[in-house]
Amino acid sequence: MESWLIVFLVTIGYLILSLAVGLYSGRKASASTEGYVAGDRNLGFVVLYFILGASIYSAFAFLGGPGWAYSRGAAAFYIISYGTVGLLPWYFLGPRIARLGRKFGYVTQAELFAHRYESRFISCILATISLVAFVPYLVIQMKGAGYVFSIVTEGRIPEWGGAAIAYGVVLIYVFKSGVMGVAWTNTFQGILMMGLAWVLGLYLPYKLHGGVGAMFEELARVAPELLQAPGLDAAGNPWTWAGYSSSIVISVLGFSVWPHYFMKIYTARNIATLKRMIVFYPTFQIFLVPIMFIGFAAITAFPGVTPVDTILPHIVTSMNIPPLAVGLFCAGALAASMSSGDAIVHAAASIMIKDFYGAVRAEKLDGPREIRLIRFSVIVIGAIAYFFAAVSEYSLVYLLLLSYGFIAQIFPTLIALFYWKRSTPAGVIAGLLAGCAVVIVWNLVPSLQWQQMHPGIFGIGVHIVVLVVVSKLTAPMDGEHVRKFVEA
Amino acid sequence: MSSERPEVSRPGRYAMVFSVFALLALIWPIYPLFGGIRPMILGMPLSLFYIVAVIVTVFLVMLTLFLWESKNDRLG
């Protein structure tokens, strides 16, 4: 058999398995909105661990992580760092969010915020921020999937075809099974991806340099600037500490409020399960260490590869690796893309209907109608992202940078929600809008940049000032209502 | 109700303070102290080994807190 055919068959085998797991798991949840969006609030530790772990490790980590280590060296360590502490705020906020969710029936992030501030407008703003941040993220996952397909079939399947096959599978299981499909496929995909990262991350340094230690010794001799923190910036000059540190801070703030992770708080079976997952979460970060080894291994062995994100497929296809192993690599890379893409599609559809459509409509949606609309939105969002991935040549990196700055703006609101009784709807709305506006302006006007500081930092600063000032200037909310949240 | 609250939230406060320290350990001005190449430990440059050490520390500290809370029935 031709080797590309073996690779292709292994990849297809993985897709069929994902589809089977995704379809089967939907039978475990009830037919209500709570079942479709929050898994009946009954997910256990292992599934919760993988749903969050595998959603964050996307095509960006799997292909972009080695690319960063390869081109920017120690700068890539920021990717490991932020996830280590990013979920810790949940240890003290998560139980309160979960309790309120159970008491008032929330399944999305905006439902909590809209209820606390008694404002449908907040729901619309949060839904808009979420959707604006989700779409470019999803497009990048699709492009990653298409890219992997095209490389391994030696161009026989074009990128648009590969993206359609992989995301066709995702849309089917998300449509049918909702969050349960996301949860169980992520468990399967997460295990595959982690296993593969370790195998490749230890094998490649060994094969190319004789071991991890020998590889770093060689780099310390020929390219010490890559191992010295904080590494290099995108242009290849030493990165600033302000740039490195602020990227971590913005990612940490954003991490705990990304709407598709936040919603998973409501899915936990109980508080102990939620807390155990948060405690074990940093162990998932260890999986990024071999990912870094892959990029470092290629620096002297494969110099000058561009674009740098293609370094991993480049290594795999140019070394003499058996086709079965190449097939497993493709399955792993697809798993990385799909396990993030499915969670985003599911969250985006739920948010579009519950938080946006639900807030602008006068009367309440009934359950079966709501689920039908969410399912319909799964297809719509998949189609929009696919359009950008396959047809448009528009650069998404820019939008992706913006989206991190936007999402981090939700964090000060979350803190005010629980810890500042005096915060008012007007203050929160003004703060969110001002923060996002600053992020946009700082991105549009490069001369405002200082020491490569992340624009989101300026957004957070302005956000906090506006939140405090406007809240102080407007009438306080009813004390009885606020106590339900501040003392939850 | 109000007399029970501080007891329930105390572990939460520890977690909060610890989170801030863990974040500070990974950025300027603490991380630059460990951002060099040598000594190489377990085959990794110090800049990478230090981050792995922080991950392990965060895990162990949070695990201890969690186990203490479960033992004292304070998971909430």
# chains A, B, ... in the order shown; residues from 1 in each chain; ligands from 1
call {"tool": "select_by_dssp", "arguments": {"residues": "region 25-76 of chain A", "states": "alpha helix (DSSP H)", "output": "PyMOL selection string"}}
result
chain A and resi 25+33-38+45-56+59+65-72
call {"tool": "residues_around", "arguments": {"residues": "region 436-440 of chain A", "least_positions_apart": "2", "cutoff": "6 Å", "atoms": "only C-alpha atoms", "output": "mmCIF file with C-alpha atoms, in the first residue's frame"}}
result
data_model
loop_
_atom_site.group_PDB
_atom_site.id
_atom_site.type_symbol
_atom_site.label_atom_id
_atom_site.label_comp_id
_atom_site.auth_asym_id
_atom_site.auth_seq_id
_atom_site.Cartn_x
_atom_site.Cartn_y
_atom_site.Cartn_z
ATOM 1 C CA PHE A 406 -11.414 41.880 24.855
ATOM 2 C CA LEU A 433 -17.107 49.344 26.719
ATOM 3 C CA ALA A 434 -14.253 51.685 27.722
ATOM 4 C CA TRP A 442 -4.047 50.727 21.163
ATOM 5 C CA ASN A 443 -4.085 48.172 18.350
ATOM 6 C CA PRO A 455 -2.717 46.586 24.866
ATOM 7 C CA GLY A 456 -5.093 44.668 27.153
ATOM 8 C CA GLY A 459 -7.698 48.446 28.654
#
call {"tool": "residues_around", "arguments": {"residues": "region 114-127 of chain A", "least_positions_apart": "3", "cutoff": "6 Å", "atoms": "only C-alpha atoms", "output": "ChimeraX atom specification"}}
result
/A:110-111,130,355-356,359,425
call {"tool": "write_last_selection", "arguments": {"atoms": "N, CA, C and O atoms", "output": "PDB file, in the first residue's frame"}}
result
ATOM      1  N   ALA A 110     -23.146  34.956  30.723  1.00  0.00           N
ATOM      2  CA  ALA A 110     -23.877  36.227  30.715  1.00  0.00           C
ATOM      3  C   ALA A 110     -25.135  36.166  31.572  1.00  0.00           C
ATOM      4  O   ALA A 110     -25.576  37.188  32.099  1.00  0.00           O
ATOM      5  N   GLU A 111     -25.714  34.978  31.740  1.00  0.00           N
ATOM      6  CA  GLU A 111     -26.918  34.879  32.572  1.00  0.00           C
ATOM      7  C   GLU A 111     -26.636  35.327  34.002  1.00  0.00           C
ATOM      8  O   GLU A 111     -27.449  36.006  34.631  1.00  0.00           O
ATOM      9  N   SER A 130     -18.030  37.796  23.242  1.00  0.00           N
ATOM     10  CA  SER A 130     -17.724  36.367  23.119  1.00  0.00           C
ATOM     11  C   SER A 130     -17.693  35.942  21.656  1.00  0.00           C
ATOM     12  O   SER A 130     -16.763  35.264  21.221  1.00  0.00           O
ATOM     13  N   ASP A 355     -28.026  34.229  25.261  1.00  0.00           N
ATOM     14  CA  ASP A 355     -27.616  35.536  25.769  1.00  0.00           C
ATOM     15  C   ASP A 355     -27.916  36.684  24.822  1.00  0.00           C
ATOM     16  O   ASP A 355     -28.096  37.811  25.260  1.00  0.00           O
ATOM     17  N   PHE A 356     -27.939  36.392  23.525  1.00  0.00           N
ATOM     18  CA  PHE A 356     -28.213  37.491  22.602  1.00  0.00           C
ATOM     19  C   PHE A 356     -29.683  37.488  22.171  1.00  0.00           C
ATOM     20  O   PHE A 356     -30.435  38.391  22.519  1.00  0.00           O
ATOM     21  N   ALA A 359     -32.092  37.812  25.016  1.00  0.00           N
ATOM     22  CA  ALA A 359     -32.137  39.121  25.679  1.00  0.00           C
ATOM     23  C   ALA A 359     -32.872  40.167  24.851  1.00  0.00           C
ATOM     24  O   ALA A 359     -33.505  41.057  25.401  1.00  0.00           O
ATOM     25  N   PRO A 425     -25.055  48.760  37.346  1.00  0.00           N
ATOM     26  CA  PRO A 425     -25.124  48.350  35.934  1.00  0.00           C
ATOM     27  C   PRO A 425     -24.438  49.356  35.016  1.00  0.00           C
ATOM     28  O   PRO A 425     -23.669  48.965  34.130  1.00  0.00           O
TER      29      PRO A 425
END
call {"tool": "closest_residue", "arguments": {"among": "A:Arg269, A:Arg221, A:Arg276, A:His481", "to": "Leu75 (chain B)", "atoms": "only C-alpha atoms"}}
result
A:Arg276
call {"tool": "residues_around", "arguments": {"residues": "region 59-74 of chain B", "least_positions_apart": "6", "cutoff": "12 Å", "atoms": "only C-alpha atoms", "output": "JSON, numbers by chain"}}
result
{"A": [84, 85, 87, 88, 89, 91, 92, 95, 271, 272, 273, 274, 275, 276, 277, 278, 279, 280, 281, 282, 283, 284, 285, 286], "B": [4, 5, 6, 7, 8, 9, 10, 11, 12, 13, 14, 15, 16, 17, 18, 19, 21, 22, 52, 53]}
call {"tool": "residues_around", "arguments": {"residues": "Pro230 (chain A)", "least_positions_apart": "5", "cutoff": "10 Å", "atoms": "only C-alpha atoms", "output": "list in words"}}
result
Arg72, Gly73, Ala74, Ala75, Ala76, Phe77, Tyr78, Glu225, Pro238, Trp239, Thr240, Trp241, Ala242, Gly243, Tyr244 and Ser245 of chain A; Ile27, Trp28, Tyr31, Pro32, Gly35, Gly36 and Ser47 of chain B
call {"tool": "closest_residue", "arguments": {"among": "A:Asn42, A:Ser339, A:Asn270, A:Ser32", "to": "chain B", "atoms": "only C-alpha atoms"}}
result
A:Asn270
call {"tool": "residues_around", "arguments": {"residues": "Leu219 (chain A)", "least_positions_apart": "4", "cutoff": "9 Å", "atoms": "only C-alpha atoms", "output": "PyMOL selection string"}}
result
chain A and resi 214-215+223-224+226-227+296+299-300
call {"tool": "write_last_selection", "arguments": {"atoms": "N, CA, C and O atoms", "output": "CSV table (one decimal), in the first residue's frame"}}
result
chain,number,residue,atom,x,y,z
A,214,ALA,N,21.6,16.8,25.7
A,214,ALA,CA,22.6,17.1,24.7
A,214,ALA,C,22.0,18.2,23.7
A,214,ALA,O,22.8,19.1,23.3
A,215,MET,N,20.7,18.2,23.5
A,215,MET,CA,20.1,19.2,22.6
A,215,MET,C,20.3,20.6,23.2
A,215,MET,O,20.7,21.5,22.6
A,223,ALA,N,23.2,29.1,20.2
A,223,ALA,CA,22.1,30.1,20.2
A,223,ALA,C,21.6,30.4,21.6
A,223,ALA,O,20.5,30.2,21.9
A,224,PRO,N,22.6,30.9,22.5
A,224,PRO,CA,22.2,31.1,23.9
A,224,PRO,C,21.0,32.1,24.0
A,224,PRO,O,20.2,32.0,25.0
A,226,LEU,N,18.3,32.2,22.6
A,226,LEU,CA,17.0,31.5,22.6
A,226,LEU,C,16.7,30.9,23.9
A,226,LEU,O,15.5,30.7,24.2
A,227,LEU,N,17.6,30.5,24.7
A,227,LEU,CA,17.3,29.9,26.0
A,227,LEU,C,17.2,30.9,27.2
A,227,LEU,O,16.7,30.5,28.2
A,296,PHE,N,12.5,23.2,19.9
A,296,PHE,CA,13.9,23.4,20.2
A,296,PHE,C,14.8,22.4,19.4
A,296,PHE,O,15.9,22.7,18.9
A,299,ILE,N,15.7,23.5,15.8
A,299,ILE,CA,16.5,24.8,15.5
A,299,ILE,C,17.7,24.6,14.7
A,299,ILE,O,17.9,25.2,13.7
A,300,THR,N,18.5,23.6,15.1
A,300,THR,CA,19.8,23.4,14.4
A,300,THR,C,19.6,22.3,13.3
A,300,THR,O,20.3,22.3,12.3
call {"tool": "closest_residue", "arguments": {"among": "B:Phe34, B:Gly43, B:Phe49, B:Leu24", "to": "chain A", "atoms": "only C-alpha atoms"}}
result
B:Gly43
call {"tool": "closest_residue", "arguments": {"among": "A:Leu444, A:Ala220, A:Ala385, A:Ala325", "to": "chain B", "atoms": "only C-alpha atoms"}}
result
A:Ala220
call {"tool": "atom_distance", "arguments": {"atom1": "CA of Val482 (chain A)", "atom2": "CA of Lys421 (chain A)"}}
result
6.4 Å
call {"tool": "decode", "arguments": {"residues": "region 69-106 of chain A", "atoms": "N, CA, C and O atoms", "output": "mmCIF file, in the first residue's frame"}}
result
data_model
loop_
_atom_site.group_PDB
_atom_site.id
_atom_site.type_symbol
_atom_site.label_atom_id
_atom_site.label_comp_id
_atom_site.auth_asym_id
_atom_site.auth_seq_id
_atom_site.Cartn_x
_atom_site.Cartn_y
_atom_site.Cartn_z
ATOM 1 N N ALA A 69 8.760 28.059 20.015
ATOM 2 C CA ALA A 69 10.035 27.625 20.591
ATOM 3 C C ALA A 69 11.124 27.664 19.516
ATOM 4 O O ALA A 69 12.260 28.067 19.751
ATOM 5 N N TYR A 70 10.766 27.266 18.299
ATOM 6 C CA TYR A 70 11.696 27.210 17.173
ATOM 7 C C TYR A 70 12.199 28.599 16.791
ATOM 8 O O TYR A 70 13.385 28.810 16.560
ATOM 9 N N SER A 71 11.274 29.583 16.756
ATOM 10 C CA SER A 71 11.663 30.902 16.256
ATOM 11 C C SER A 71 11.965 31.908 17.363
ATOM 12 O O SER A 71 12.749 32.818 17.175
ATOM 13 N N ARG A 72 11.323 31.743 18.544
ATOM 14 C CA ARG A 72 11.446 32.765 19.582
ATOM 15 C C ARG A 72 11.997 32.220 20.895
ATOM 16 O O ARG A 72 12.098 32.953 21.887
ATOM 17 N N GLY A 73 12.330 30.920 20.923
ATOM 18 C CA GLY A 73 12.975 30.336 22.089
ATOM 19 C C GLY A 73 12.152 30.464 23.361
ATOM 20 O O GLY A 73 10.970 30.128 23.390
ATOM 21 N N ALA A 74 12.789 30.992 24.428
ATOM 22 C CA ALA A 74 12.178 31.033 25.755
ATOM 23 C C ALA A 74 10.892 31.854 25.799
ATOM 24 O O ALA A 74 10.111 31.726 26.745
ATOM 25 N N ALA A 75 10.644 32.689 24.779
ATOM 26 C CA ALA A 75 9.380 33.432 24.739
ATOM 27 C C ALA A 75 8.201 32.470 24.815
ATOM 28 O O ALA A 75 7.160 32.793 25.380
ATOM 29 N N ALA A 76 8.395 31.266 24.265
ATOM 30 C CA ALA A 76 7.319 30.276 24.247
ATOM 31 C C ALA A 76 6.933 29.806 25.644
ATOM 32 O O ALA A 76 5.845 29.262 25.834
ATOM 33 N N PHE A 77 7.809 30.023 26.627
ATOM 34 C CA PHE A 77 7.499 29.556 27.990
ATOM 35 C C PHE A 77 6.294 30.284 28.568
ATOM 36 O O PHE A 77 5.684 29.825 29.518
ATOM 37 N N TYR A 78 5.971 31.433 27.972
ATOM 38 C CA TYR A 78 4.792 32.150 28.483
ATOM 39 C C TYR A 78 3.531 31.306 28.301
ATOM 40 O O TYR A 78 2.621 31.336 29.117
ATOM 41 N N ILE A 79 3.527 30.477 27.237
ATOM 42 C CA ILE A 79 2.360 29.627 26.979
ATOM 43 C C ILE A 79 2.182 28.597 28.104
ATOM 44 O O ILE A 79 1.064 28.288 28.493
ATOM 45 N N ILE A 80 3.314 28.093 28.633
ATOM 46 C CA ILE A 80 3.209 27.137 29.749
ATOM 47 C C ILE A 80 2.792 27.869 31.017
ATOM 48 O O ILE A 80 2.005 27.368 31.808
ATOM 49 N N SER A 81 3.348 29.077 31.192
ATOM 50 C CA SER A 81 3.168 29.777 32.464
ATOM 51 C C SER A 81 1.725 30.171 32.734
ATOM 52 O O SER A 81 1.211 29.970 33.824
ATOM 53 N N TYR A 82 1.048 30.740 31.726
ATOM 54 C CA TYR A 82 -0.253 31.326 32.066
ATOM 55 C C TYR A 82 -1.296 30.282 32.447
ATOM 56 O O TYR A 82 -2.137 30.523 33.294
ATOM 57 N N GLY A 83 -1.200 29.108 31.812
ATOM 58 C CA GLY A 83 -2.170 28.072 32.148
ATOM 59 C C GLY A 83 -1.984 27.503 33.549
ATOM 60 O O GLY A 83 -2.910 26.955 34.139
ATOM 61 N N THR A 84 -0.761 27.667 34.095
ATOM 62 C CA THR A 84 -0.481 27.132 35.428
ATOM 63 C C THR A 84 -1.302 27.852 36.497
ATOM 64 O O THR A 84 -1.803 27.232 37.427
ATOM 65 N N VAL A 85 -1.417 29.166 36.360
ATOM 66 C CA VAL A 85 -2.159 29.919 37.371
ATOM 67 C C VAL A 85 -3.525 30.395 36.868
ATOM 68 O O VAL A 85 -4.337 30.871 37.651
ATOM 69 N N GLY A 86 -3.767 30.227 35.555
ATOM 70 C CA GLY A 86 -4.974 30.792 34.961
ATOM 71 C C GLY A 86 -6.282 30.319 35.570
ATOM 72 O O GLY A 86 -7.252 31.061 35.606
ATOM 73 N N LEU A 87 -6.309 29.094 36.045
ATOM 74 C CA LEU A 87 -7.570 28.556 36.555
ATOM 75 C C LEU A 87 -7.705 28.722 38.072
ATOM 76 O O LEU A 87 -8.756 28.444 38.634
ATOM 77 N N LEU A 88 -6.635 29.178 38.750
ATOM 78 C CA LEU A 88 -6.687 29.280 40.214
ATOM 79 C C LEU A 88 -7.814 30.190 40.733
ATOM 80 O O LEU A 88 -8.380 29.892 41.781
ATOM 81 N N PRO A 89 -8.150 31.292 40.017
ATOM 82 C CA PRO A 89 -9.268 32.100 40.546
ATOM 83 C C PRO A 89 -10.547 31.288 40.730
ATOM 84 O O PRO A 89 -11.376 31.621 41.564
ATOM 85 N N TRP A 90 -10.688 30.218 39.970
ATOM 86 C CA TRP A 90 -11.877 29.385 40.108
ATOM 87 C C TRP A 90 -11.938 28.698 41.463
ATOM 88 O O TRP A 90 -13.005 28.293 41.895
ATOM 89 N N TYR A 91 -10.791 28.533 42.103
ATOM 90 C CA TYR A 91 -10.808 27.799 43.375
ATOM 91 C C TYR A 91 -11.636 28.563 44.399
ATOM 92 O O TYR A 91 -12.324 27.970 45.215
ATOM 93 N N PHE A 92 -11.576 29.895 44.343
ATOM 94 C CA PHE A 92 -12.396 30.645 45.292
ATOM 95 C C PHE A 92 -13.664 31.226 44.684
ATOM 96 O O PHE A 92 -14.619 31.488 45.388
ATOM 97 N N LEU A 93 -13.713 31.421 43.360
ATOM 98 C CA LEU A 93 -14.932 31.942 42.739
ATOM 99 C C LEU A 93 -15.836 30.828 42.209
ATOM 100 O O LEU A 93 -17.057 30.946 42.234
ATOM 101 N N GLY A 94 -15.208 29.740 41.728
ATOM 102 C CA GLY A 94 -15.950 28.648 41.090
ATOM 103 C C GLY A 94 -17.098 28.105 41.931
ATOM 104 O O GLY A 94 -18.226 27.987 41.444
ATOM 105 N N PRO A 95 -16.842 27.770 43.216
ATOM 106 C CA PRO A 95 -17.931 27.226 44.025
ATOM 107 C C PRO A 95 -19.119 28.178 44.143
ATOM 108 O O PRO A 95 -20.274 27.755 44.100
ATOM 109 N N ARG A 96 -18.828 29.475 44.218
ATOM 110 C CA ARG A 96 -19.924 30.443 44.342
ATOM 111 C C ARG A 96 -20.714 30.514 43.034
ATOM 112 O O ARG A 96 -21.939 30.591 43.031
ATOM 113 N N ILE A 97 -19.967 30.497 41.910
ATOM 114 C CA ILE A 97 -20.630 30.539 40.597
ATOM 115 C C ILE A 97 -21.496 29.288 40.408
ATOM 116 O O ILE A 97 -22.639 29.368 39.965
ATOM 117 N N ALA A 98 -20.938 28.126 40.802
ATOM 118 C CA ALA A 98 -21.670 26.864 40.628
ATOM 119 C C ALA A 98 -22.943 26.858 41.487
ATOM 120 O O ALA A 98 -24.004 26.431 41.034
ATOM 121 N N ARG A 99 -22.830 27.342 42.734
ATOM 122 C CA ARG A 99 -24.003 27.375 43.626
ATOM 123 C C ARG A 99 -25.101 28.278 43.070
ATOM 124 O O ARG A 99 -26.278 27.915 43.050
ATOM 125 N N LEU A 100 -24.693 29.469 42.598
ATOM 126 C CA LEU A 100 -25.680 30.391 42.025
ATOM 127 C C LEU A 100 -26.307 29.788 40.772
ATOM 128 O O LEU A 100 -27.502 29.943 40.517
ATOM 129 N N GLY A 101 -25.475 29.103 39.973
ATOM 130 C CA GLY A 101 -25.969 28.476 38.748
ATOM 131 C C GLY A 101 -27.065 27.467 39.053
ATOM 132 O O GLY A 101 -28.102 27.420 38.391
ATOM 133 N N ARG A 102 -26.830 26.674 40.080
ATOM 134 C CA ARG A 102 -27.793 25.658 40.466
ATOM 135 C C ARG A 102 -29.084 26.311 40.990
ATOM 136 O O ARG A 102 -30.191 25.897 40.660
ATOM 137 N N LYS A 103 -28.886 27.371 41.792
ATOM 138 C CA LYS A 103 -30.032 28.021 42.442
ATOM 139 C C LYS A 103 -30.913 28.741 41.415
ATOM 140 O O LYS A 103 -32.131 28.659 41.465
ATOM 141 N N PHE A 104 -30.282 29.457 40.469
ATOM 142 C CA PHE A 104 -31.072 30.272 39.550
ATOM 143 C C PHE A 104 -31.150 29.692 38.134
ATOM 144 O O PHE A 104 -31.721 30.314 37.239
ATOM 145 N N GLY A 105 -30.515 28.527 37.928
ATOM 146 C CA GLY A 105 -30.639 27.856 36.630
ATOM 147 C C GLY A 105 -29.809 28.435 35.490
ATOM 148 O O GLY A 105 -30.168 28.289 34.337
ATOM 149 N N TYR A 106 -28.664 29.077 35.799
ATOM 150 C CA TYR A 106 -27.828 29.589 34.705
ATOM 151 C C TYR A 106 -27.123 28.445 33.979
ATOM 152 O O TYR A 106 -26.699 27.474 34.613
#
